[in-house]
file protein06.cif (mmCIF, C-alpha atoms)
data_model
#
loop_
_atom_site.label_atom_id
_atom_site.label_comp_id
_atom_site.auth_asym_id
_atom_site.auth_seq_id
_atom_site.Cartn_x
_atom_site.Cartn_y
_atom_site.Cartn_z
CA MET A 1475 0.00 0.00 0.00
CA LEU A 1476 1.23 3.45 -0.92
CA PHE A 1477 2.19 5.75 1.94
CA PRO A 1478 -0.56 8.42 2.20
CA ILE A 1479 1.79 11.39 2.02
CA HIS A 1480 -0.93 13.91 1.08
CA GLN A 1481 -3.08 13.00 4.05
CA VAL A 1482 -0.16 13.03 6.47
CA ILE A 1483 0.97 16.47 5.32
CA PHE A 1484 -2.56 17.83 5.41
CA TYR A 1485 -3.38 16.63 8.90
CA VAL A 1486 -0.02 17.48 10.45
CA PHE A 1487 -0.05 21.04 9.17
CA THR A 1488 -3.74 21.54 9.86
CA ILE A 1489 -3.18 20.58 13.48
CA LEU A 1490 -0.17 22.91 13.61
CA LEU A 1491 -2.24 25.71 12.07
CA VAL A 1492 -5.17 25.35 14.45
CA ALA A 1493 -2.89 25.00 17.47
CA SER A 1494 -0.87 28.10 16.62
CA ALA A 1495 -4.05 30.07 15.87
CA THR A 1496 -5.32 29.11 19.30
CA MET A 1497 -2.05 30.25 20.82
CA VAL A 1498 -2.33 33.56 18.94
CA ILE A 1499 -5.69 34.38 20.40
CA THR A 1500 -4.85 33.26 23.92
CA ALA A 1501 -1.27 34.54 24.22
CA LYS A 1502 -0.60 36.87 27.12
CA SER A 1503 2.08 38.99 25.48
CA PRO A 1504 1.74 40.41 21.97
CA VAL A 1505 5.27 39.34 21.03
CA LYS A 1506 4.37 35.69 21.56
CA ALA A 1507 1.19 36.23 19.60
CA VAL A 1508 3.17 37.62 16.64
CA LEU A 1509 5.57 34.68 16.71
CA PHE A 1510 2.72 32.17 16.78
CA LEU A 1511 1.10 34.06 13.93
CA VAL A 1512 4.30 33.48 11.95
CA VAL A 1513 3.99 29.75 12.66
CA ALA A 1514 0.38 29.87 11.50
CA PHE A 1515 1.41 31.57 8.26
CA PHE A 1516 4.09 28.95 7.62
CA ALA A 1517 1.64 26.10 8.22
CA SER A 1518 -0.93 27.56 5.90
CA ALA A 1519 1.76 28.23 3.28
CA VAL A 1520 2.44 24.49 3.35
CA LEU A 1521 -1.29 23.82 2.92
CA TRP A 1522 -1.41 26.18 -0.06
CA MET A 1523 1.65 24.52 -1.52
CA SER A 1524 -0.08 21.15 -1.28
CA MET A 1525 -2.93 22.69 -3.26
CA GLN A 1526 -0.42 23.50 -6.03
CA ALA A 1527 -0.60 27.25 -5.43
CA GLU A 1528 3.17 27.58 -5.38
CA PHE A 1529 3.40 31.25 -6.24
CA LEU A 1530 0.93 32.38 -3.60
CA SER A 1531 2.39 30.16 -0.95
CA LEU A 1532 5.86 31.61 -1.50
CA LEU A 1533 4.32 35.09 -1.65
CA LEU A 1534 2.72 34.46 1.73
CA ILE A 1535 6.08 33.59 3.24
CA PHE A 1536 8.01 36.42 1.59
CA VAL A 1537 5.48 39.22 1.94
CA TYR A 1538 3.69 38.23 5.10
CA VAL A 1539 6.34 36.58 7.21
CA GLY A 1540 9.12 38.69 5.74
CA ALA A 1541 7.52 42.12 5.71
CA VAL A 1542 4.18 42.44 7.46
CA MET A 1543 5.01 40.30 10.47
CA THR A 1544 8.34 42.07 10.86
CA LEU A 1545 6.45 45.34 10.88
CA PHE A 1546 4.12 43.98 13.55
CA LEU A 1547 7.07 42.79 15.59
CA PHE A 1548 8.77 46.18 15.36
CA VAL A 1549 5.64 48.01 16.45
CA VAL A 1550 4.96 45.57 19.28
CA MET A 1551 8.50 45.90 20.57
CA MET A 1552 8.55 49.68 20.13
CA LEU A 1553 5.37 50.37 22.04
CA LYS A 1554 5.27 49.74 25.72
CA THR A 1555 3.02 46.76 26.20
CA GLU A 1556 0.61 46.88 29.05
CA ASN A 1557 2.49 45.59 32.06
CA LYS A 1558 -0.45 45.75 34.32
CA GLN A 1559 -2.38 42.55 34.18
CA THR A 1560 -5.13 43.11 31.69
CA PRO A 1561 -8.38 41.99 33.21
CA SER A 1562 -9.15 38.67 31.66
CA SER A 1563 -12.39 38.47 29.80
CA PRO A 1564 -15.37 37.43 31.83
CA LEU A 1565 -16.44 33.85 31.48
CA SER A 1566 -19.64 34.85 29.75
CA LEU A 1567 -17.71 36.47 26.89
CA LEU A 1568 -15.46 33.45 26.56
CA SER A 1569 -18.42 31.11 26.43
CA LEU A 1570 -20.16 33.41 23.95
CA GLY A 1571 -17.08 33.26 21.76
CA PHE A 1572 -16.91 29.49 21.84
CA LEU A 1573 -20.62 29.30 21.14
CA CYS A 1574 -20.00 31.44 18.04
CA LEU A 1575 -17.08 29.20 17.02
CA ILE A 1576 -19.13 26.03 17.39
CA MET A 1577 -22.08 27.54 15.55
CA LEU A 1578 -19.90 28.74 12.68
CA VAL A 1579 -18.00 25.50 12.25
CA GLY A 1580 -21.17 23.49 12.77
CA THR A 1581 -22.99 25.46 10.10
CA ALA A 1582 -20.08 25.08 7.70
CA PHE A 1583 -19.94 21.36 8.36
CA TYR A 1584 -23.71 20.97 8.02
CA VAL A 1585 -23.85 22.84 4.72
CA PHE A 1586 -20.65 21.65 3.07
CA ALA A 1587 -20.33 18.08 4.27
CA LEU A 1588 -23.95 16.99 4.40
CA HIS A 1589 -25.90 19.00 1.86
CA TRP A 1590 -23.54 19.85 -0.94
CA PRO A 1591 -22.82 17.21 -3.55
CA LEU A 1592 -19.67 18.92 -4.79
CA ALA A 1593 -18.01 18.74 -1.38
CA ASN A 1594 -16.19 15.54 -2.18
CA THR A 1595 -14.61 16.91 -5.33
CA LEU A 1596 -11.10 15.57 -5.69
CA PRO A 1597 -8.25 17.93 -6.51
CA THR A 1598 -7.59 18.84 -10.10
CA HIS A 1599 -4.65 16.91 -11.43
CA TYR A 1600 -2.36 19.20 -13.40
CA ASP A 1601 0.30 17.55 -15.48
CA ALA A 1602 3.98 18.34 -15.20
CA SER A 1603 3.92 21.09 -17.83
CA TYR A 1604 1.44 23.15 -15.79
CA ASN A 1605 2.96 26.38 -14.53
CA ASN A 1606 1.14 28.09 -11.69
CA VAL A 1607 3.00 31.38 -12.06
CA GLU A 1608 2.23 31.45 -15.76
CA ALA A 1609 -1.47 30.78 -15.15
CA ILE A 1610 -1.75 33.59 -12.60
CA GLY A 1611 0.38 35.98 -14.64
CA THR A 1612 -1.64 35.42 -17.80
CA LEU A 1613 -4.85 36.22 -15.99
CA LEU A 1614 -3.32 39.14 -14.16
CA PHE A 1615 -2.14 40.85 -17.30
CA THR A 1616 -5.22 40.18 -19.43
CA ASN A 1617 -8.53 39.98 -17.61
CA TYR A 1618 -7.44 41.61 -14.38
CA LEU A 1619 -5.08 44.26 -15.68
CA PHE A 1620 -7.08 47.21 -14.35
CA PRO A 1621 -7.46 45.81 -10.81
CA PHE A 1622 -3.76 45.03 -10.89
CA GLU A 1623 -2.93 48.66 -11.64
CA ILE A 1624 -5.33 49.79 -8.94
CA CYS A 1625 -3.38 47.54 -6.56
CA ALA A 1626 -0.19 49.33 -7.51
CA VAL A 1627 -1.79 52.72 -6.84
CA LEU A 1628 -3.14 51.39 -3.55
CA LEU A 1629 0.35 50.37 -2.45
CA LEU A 1630 1.66 53.82 -3.34
CA VAL A 1631 -1.15 55.50 -1.40
CA GLY A 1632 -0.50 53.21 1.54
CA MET A 1633 3.19 54.02 1.53
CA ILE A 1634 2.63 57.78 1.35
CA SER A 1635 -0.02 57.77 4.03
CA ALA A 1636 2.01 55.58 6.39
CA ILE A 1637 4.99 57.92 6.04
CA ALA A 1638 2.80 61.00 6.43
CA LEU A 1639 1.17 59.60 9.54
CA ALA A 1640 4.26 58.40 11.31
CA PHE A 1641 6.65 61.20 10.34
CA HIS A 1642 6.71 63.96 12.89
CA GLY A 1643 9.15 66.54 11.61
CA LYS A 1644 12.91 66.67 11.63
CA LYS A 1645 14.69 66.62 14.93
CA SER A 1646 16.76 69.74 15.45
CA ASP A 1647 19.99 67.97 16.37
CA THR A 1648 20.27 65.58 13.45
CA LYS A 1649 22.08 66.28 10.20
CA SER A 1650 19.99 66.17 7.07
CA GLN A 1651 20.01 67.37 3.50
CA SER A 1652 18.36 70.61 2.55
CA ILE A 1653 17.37 70.07 -1.06
CA ASN A 1654 16.48 73.71 -1.55
CA LYS A 1655 19.92 74.92 -0.53
CA GLN A 1656 21.61 72.24 -2.56
CA THR A 1657 19.95 73.18 -5.80
CA GLN A 1658 20.67 76.85 -5.28
CA ALA A 1659 24.37 76.38 -4.72
CA ASN A 1660 26.69 77.69 -7.38
CA LYS A 1661 30.38 77.73 -8.02
CA LYS A 1662 31.09 81.09 -6.46
CA ASP A 1663 29.85 80.02 -3.03
CA ARG A 1664 31.86 76.84 -2.88
CA LEU A 1665 35.07 77.45 -4.71
CA ARG A 1666 37.71 79.96 -3.85
CA ILE A 1667 40.68 80.36 -6.14
CA ILE A 1668 43.77 81.58 -4.45
CA ASN A 1669 47.00 82.59 -6.01
CA LEU A 1670 49.82 80.40 -4.83
CA LYS A 1671 52.61 82.52 -6.22
CA MET M 1188 -6.44 12.54 -1.95
CA ILE M 1189 -8.00 15.18 0.25
CA PRO M 1190 -11.57 16.15 -0.73
CA LEU M 1191 -12.52 19.81 -0.98
CA VAL M 1192 -14.60 19.82 2.17
CA ASN M 1193 -11.55 19.33 4.41
CA TYR M 1194 -10.01 22.60 3.32
CA LEU M 1195 -13.33 24.41 3.73
CA ILE M 1196 -13.66 23.12 7.27
CA VAL M 1197 -10.10 24.23 8.03
CA GLY M 1198 -11.00 27.71 6.74
CA ALA M 1199 -14.15 27.76 8.87
CA ILE M 1200 -12.27 26.70 12.01
CA LEU M 1201 -9.61 29.35 11.42
CA PHE M 1202 -12.23 32.04 10.82
CA GLY M 1203 -14.13 31.02 13.93
CA LEU M 1204 -10.96 31.02 16.04
CA SER M 1205 -10.05 34.51 14.94
CA PHE M 1206 -13.61 35.64 15.64
CA VAL M 1207 -13.27 34.26 19.17
CA GLY M 1208 -9.95 36.10 19.39
CA ILE M 1209 -11.62 39.39 18.49
CA ILE M 1210 -14.18 38.82 21.22
CA ILE M 1211 -11.58 37.83 23.84
CA ASN M 1212 -8.93 40.47 23.08
CA ARG M 1213 -11.17 43.42 22.40
CA ARG M 1214 -9.07 45.71 24.64
CA ASN M 1215 -5.85 45.45 22.68
CA ILE M 1216 -5.66 46.95 19.20
CA ILE M 1217 -2.58 44.99 18.13
CA MET M 1218 -4.27 41.71 19.00
CA LEU M 1219 -7.35 42.82 17.10
CA MET M 1220 -5.26 43.50 14.00
CA MET M 1221 -3.57 40.11 14.29
CA CYS M 1222 -6.95 38.42 14.52
CA ILE M 1223 -8.04 40.23 11.37
CA GLU M 1224 -4.91 39.00 9.59
CA LEU M 1225 -5.80 35.47 10.68
CA MET M 1226 -9.33 35.94 9.34
CA LEU M 1227 -7.96 37.04 5.97
CA LEU M 1228 -5.76 33.95 5.96
CA ALA M 1229 -8.84 31.75 6.42
CA VAL M 1230 -10.62 33.50 3.56
CA ASN M 1231 -7.56 33.12 1.34
CA THR M 1232 -7.38 29.41 2.11
CA ASN M 1233 -10.97 29.04 0.96
CA PHE M 1234 -10.27 31.01 -2.21
CA ILE M 1235 -7.28 28.85 -3.09
CA ALA M 1236 -9.17 25.64 -2.35
CA PHE M 1237 -11.99 26.59 -4.70
CA ALA M 1238 -9.53 27.76 -7.35
CA GLN M 1239 -7.63 24.49 -7.26
CA TYR M 1240 -10.50 22.04 -7.01
CA PHE M 1241 -12.55 23.65 -9.75
CA ALA M 1242 -9.49 24.45 -11.91
CA ASP M 1243 -10.11 28.19 -12.13
CA PRO M 1244 -6.99 30.33 -11.51
CA ALA M 1245 -9.14 33.47 -11.12
CA GLY M 1246 -9.54 32.60 -7.45
CA GLU M 1247 -5.79 32.74 -6.99
CA VAL M 1248 -5.70 36.17 -8.62
CA PHE M 1249 -8.19 37.34 -6.02
CA VAL M 1250 -5.96 35.98 -3.26
CA PHE M 1251 -3.20 38.13 -4.74
CA PHE M 1252 -5.40 41.22 -4.46
CA ILE M 1253 -6.48 40.35 -0.92
CA LEU M 1254 -2.83 39.99 0.12
CA THR M 1255 -2.07 43.43 -1.33
CA VAL M 1256 -4.97 45.10 0.43
CA ALA M 1257 -4.14 43.34 3.69
CA ALA M 1258 -0.52 44.51 3.54
CA VAL M 1259 -1.62 48.11 2.96
CA GLU M 1260 -4.16 47.83 5.75
CA ALA M 1261 -1.54 46.52 8.17
CA ALA M 1262 0.90 49.31 7.26
CA ILE M 1263 -1.63 52.11 7.69
CA GLY M 1264 -3.15 50.55 10.78
CA LEU M 1265 0.22 50.27 12.48
CA ALA M 1266 1.09 53.84 11.49
CA ILE M 1267 -2.14 55.03 13.09
CA LEU M 1268 -1.31 52.92 16.14
CA VAL M 1269 2.12 54.54 16.50
CA LEU M 1270 0.52 57.97 16.16
CA LEU M 1271 -2.08 57.08 18.78
CA TYR M 1272 0.60 55.87 21.15
CA ARG M 1273 2.50 59.11 20.70
CA ARG M 1274 -0.61 61.14 21.48
CA THR M 1275 -2.09 59.24 24.41
CA GLY M 1276 0.78 57.12 25.71
CA SER M 1277 -1.17 53.90 25.55
CA ILE M 1278 -2.79 51.68 22.97
CA GLY M 1279 -5.93 50.59 24.74
CA VAL M 1280 -9.24 50.74 22.94
CA ARG M 1281 -10.63 52.54 26.00
CA GLU M 1282 -8.51 55.61 25.28
CA ILE M 1283 -9.95 56.15 21.81
CA ASN M 1284 -13.03 57.95 22.93
CA VAL M 1285 -12.20 61.43 21.72
CA LEU M 1286 -14.67 61.15 18.88
CA LYS M 1287 -17.45 60.47 21.33
CA GLY M 1288 -20.09 63.16 20.84
#

call {"tool": "encode", "arguments": {"input": "protein06.cif", "output": "structure tokens"}}
result
Amino acid sequence: MLFPIHQVIFYVFTILLVASATMVITAKSPVKAVLFLVVAFFASAVLWMSMQAEFLSLLLIFVYVGAVMTLFLFVVMMLKTENKQTPSSPLSLLSLGFLCLIMLVGTAFYVFALHWPLANTLPTHYDASYNNVEAIGTLLFTNYLFPFEICAVLLLVGMISAIALAFHGKKSDTKSQSINKQTQANKKDRLRIINLK
Amino acid sequence: MIPLVNYLIVGAILFGLSFVGIIINRRNIIMLMMCIELMLLAVNTNFIAFAQYFADPAGEVFVFFILTVAAVEAAIGLAILVLLYRRTGSIGVREINVLKG
């Protein structure tokens, strides 16, 4: 009998994903929560990779773990976290939350597993010449070209607004360029010719 | 082979867990933002599962867009958080009541 490698990978990383997500929402300190969130992103990148979404799974690791989570970590470490013991949520809220979780998962299970004939669809088998990056890129530059450009503008707007929000003027004691003065400089101000004779 | 429903249930569990996280950690803005990131991850998993099982790469293109928007949202949200910390000296949700009428 063939070793069920797909099933083993799926269940191992699903358990890792759910466990780290649980740790994220119950962690006491935000730094631990960020680190468990990184684990959750890695586990779900493996799940995406097993669904043959190679490009997006690598993108998740590079962009999310590499950039966004680092940003979170910097902000968490920069701000003073609440040292005083935050009052833990009352039991009623906790039970309400778990009621919501059970209802949501139960509804999903009821609808998908019991009443939907397509639920047992098996994965599409792509042959070896299939290229995931090419498939996404072709769609991105034909049908979805305009949304793609909007995404680029959105990133630019995000960058400008993040800088504008977080920048709070030059400090007086640091050295910095003055572009205005630089462009107005001319030879007479900078260069003095002396006669050596 | 794993049937489609397994991935959908994983997405539902992840979404539900992050919803519980929003309810539990509603005092701390950073935890709220992390729970929202986790929610987006659940949605993206569902998108990729549908795209793969029904052989339609358009779903993966949408995941690409969601990742872009989520990255921008995280950047601006954290910038606002830093600004808030500079103004009030704390990041509790309780302190953001200046807009109260």

call {"tool": "resolve_selection", "arguments": {"input": "protein06.cif", "expression": "the PyMOL selection byres ((chain A) within 6 of (chain M))", "output": "list in words"}}
result
Ile1499, Gly1571, Leu1575, Val1579, Ala1593, Asn1594, Thr1595, Leu1596, Pro1597, Thr1598, Gly1632, Ala1636 and Ala1640 of chain A

call {"tool": "atom_distance", "arguments": {"input": "protein06.cif", "atom1": "CA of Pro1504 (chain A)", "atom2": "CA of Ile1223 (chain M)"}}
result
14.4 Å

call {"tool": "axis_aligned_box", "arguments": {"input": "protein06.cif", "around": "region 1643-1653 of chain A", "padding_each_side": "5 Å", "output": "lines of an AutoDock Vina configuration file"}}
result
center_x = 15.6
center_y = 68.1
center_z = 7.7
size_x = 22.9
size_y = 15.0
size_z = 27.4

call {"tool": "atom_distance", "arguments": {"input": "protein06.cif", "atom1": "CA of Leu1613 (chain A)", "atom2": "CA of Phe1516 (chain A)"}}
result
26.3 Å

call {"tool": "residues_around", "arguments": {"input": "protein06.cif", "residues": "region 1531-1538 of chain A", "least_positions_apart": "6", "cutoff": "7 Å", "atoms": "all atoms listed in the file", "output": "short mmCIF file (atom, residue, chain, number, x, y, z; two decimals) with C-alpha atoms, keeping the file's coordinate frame"}}
result
data_model
loop_
_atom_site.label_atom_id
_atom_site.label_comp_id
_atom_site.auth_asym_id
_atom_site.auth_seq_id
_atom_site.Cartn_x
_atom_site.Cartn_y
_atom_site.Cartn_z
CA PHE A 1516 4.09 28.95 7.62
CA ALA A 1519 1.76 28.23 3.28
CA TRP A 1522 -1.41 26.18 -0.06
CA MET A 1523 1.65 24.52 -1.52
#

call {"tool": "atom_distance", "arguments": {"input": "protein06.cif", "atom1": "CA of Ala1609 (chain A)", "atom2": "CA of Ala1527 (chain A)"}}
result
10.4 Å

call {"tool": "residues_around", "arguments": {"input": "protein06.cif", "residues": "Phe1487 (chain A)", "least_positions_apart": "3", "cutoff": "7 Å", "atoms": "all atoms listed in the file", "output": "ChimeraX atom specification"}}
result
/A:1483-1484,1490-1491,1517,1521

call {"tool": "closest_residue", "arguments": {"input": "protein06.cif", "among": "A:Leu1629, A:Ala1514, A:Leu1665, A:Leu1553", "to": "Thr1275 (chain M)", "atoms": "all atoms listed in the file"}}
result
A:Leu1553

call {"tool": "decode", "arguments": {"input": "protein06.cif", "residues": "region 1575-1602 of chain A", "atoms": "C-alpha atoms", "output": "PDB file, in the first residue's frame"}}
result
ATOM      1  CA  LEU A1575     -17.084  29.195  17.015  1.00  0.00           C
ATOM      2  CA  ILE A1576     -19.126  26.032  17.392  1.00  0.00           C
ATOM      3  CA  MET A1577     -22.081  27.540  15.545  1.00  0.00           C
ATOM      4  CA  LEU A1578     -19.896  28.744  12.682  1.00  0.00           C
ATOM      5  CA  VAL A1579     -17.996  25.495  12.253  1.00  0.00           C
ATOM      6  CA  GLY A1580     -21.170  23.486  12.768  1.00  0.00           C
ATOM      7  CA  THR A1581     -22.992  25.463  10.097  1.00  0.00           C
ATOM      8  CA  ALA A1582     -20.084  25.085   7.700  1.00  0.00           C
ATOM      9  CA  PHE A1583     -19.942  21.360   8.355  1.00  0.00           C
ATOM     10  CA  TYR A1584     -23.712  20.969   8.019  1.00  0.00           C
ATOM     11  CA  VAL A1585     -23.845  22.845   4.724  1.00  0.00           C
ATOM     12  CA  PHE A1586     -20.651  21.649   3.072  1.00  0.00           C
ATOM     13  CA  ALA A1587     -20.334  18.083   4.266  1.00  0.00           C
ATOM     14  CA  LEU A1588     -23.945  16.990   4.401  1.00  0.00           C
ATOM     15  CA  HIS A1589     -25.899  19.001   1.863  1.00  0.00           C
ATOM     16  CA  TRP A1590     -23.539  19.845  -0.941  1.00  0.00           C
ATOM     17  CA  PRO A1591     -22.820  17.207  -3.551  1.00  0.00           C
ATOM     18  CA  LEU A1592     -19.671  18.920  -4.793  1.00  0.00           C
ATOM     19  CA  ALA A1593     -18.015  18.736  -1.377  1.00  0.00           C
ATOM     20  CA  ASN A1594     -16.195  15.537  -2.184  1.00  0.00           C
ATOM     21  CA  THR A1595     -14.607  16.909  -5.331  1.00  0.00           C
ATOM     22  CA  LEU A1596     -11.101  15.573  -5.688  1.00  0.00           C
ATOM     23  CA  PRO A1597      -8.246  17.934  -6.514  1.00  0.00           C
ATOM     24  CA  THR A1598      -7.587  18.836 -10.102  1.00  0.00           C
ATOM     25  CA  HIS A1599      -4.653  16.911 -11.431  1.00  0.00           C
ATOM     26  CA  TYR A1600      -2.363  19.198 -13.396  1.00  0.00           C
ATOM     27  CA  ASP A1601       0.302  17.553 -15.484  1.00  0.00           C
ATOM     28  CA  ALA A1602       3.981  18.337 -15.203  1.00  0.00           C
TER      29      ALA A1602
END
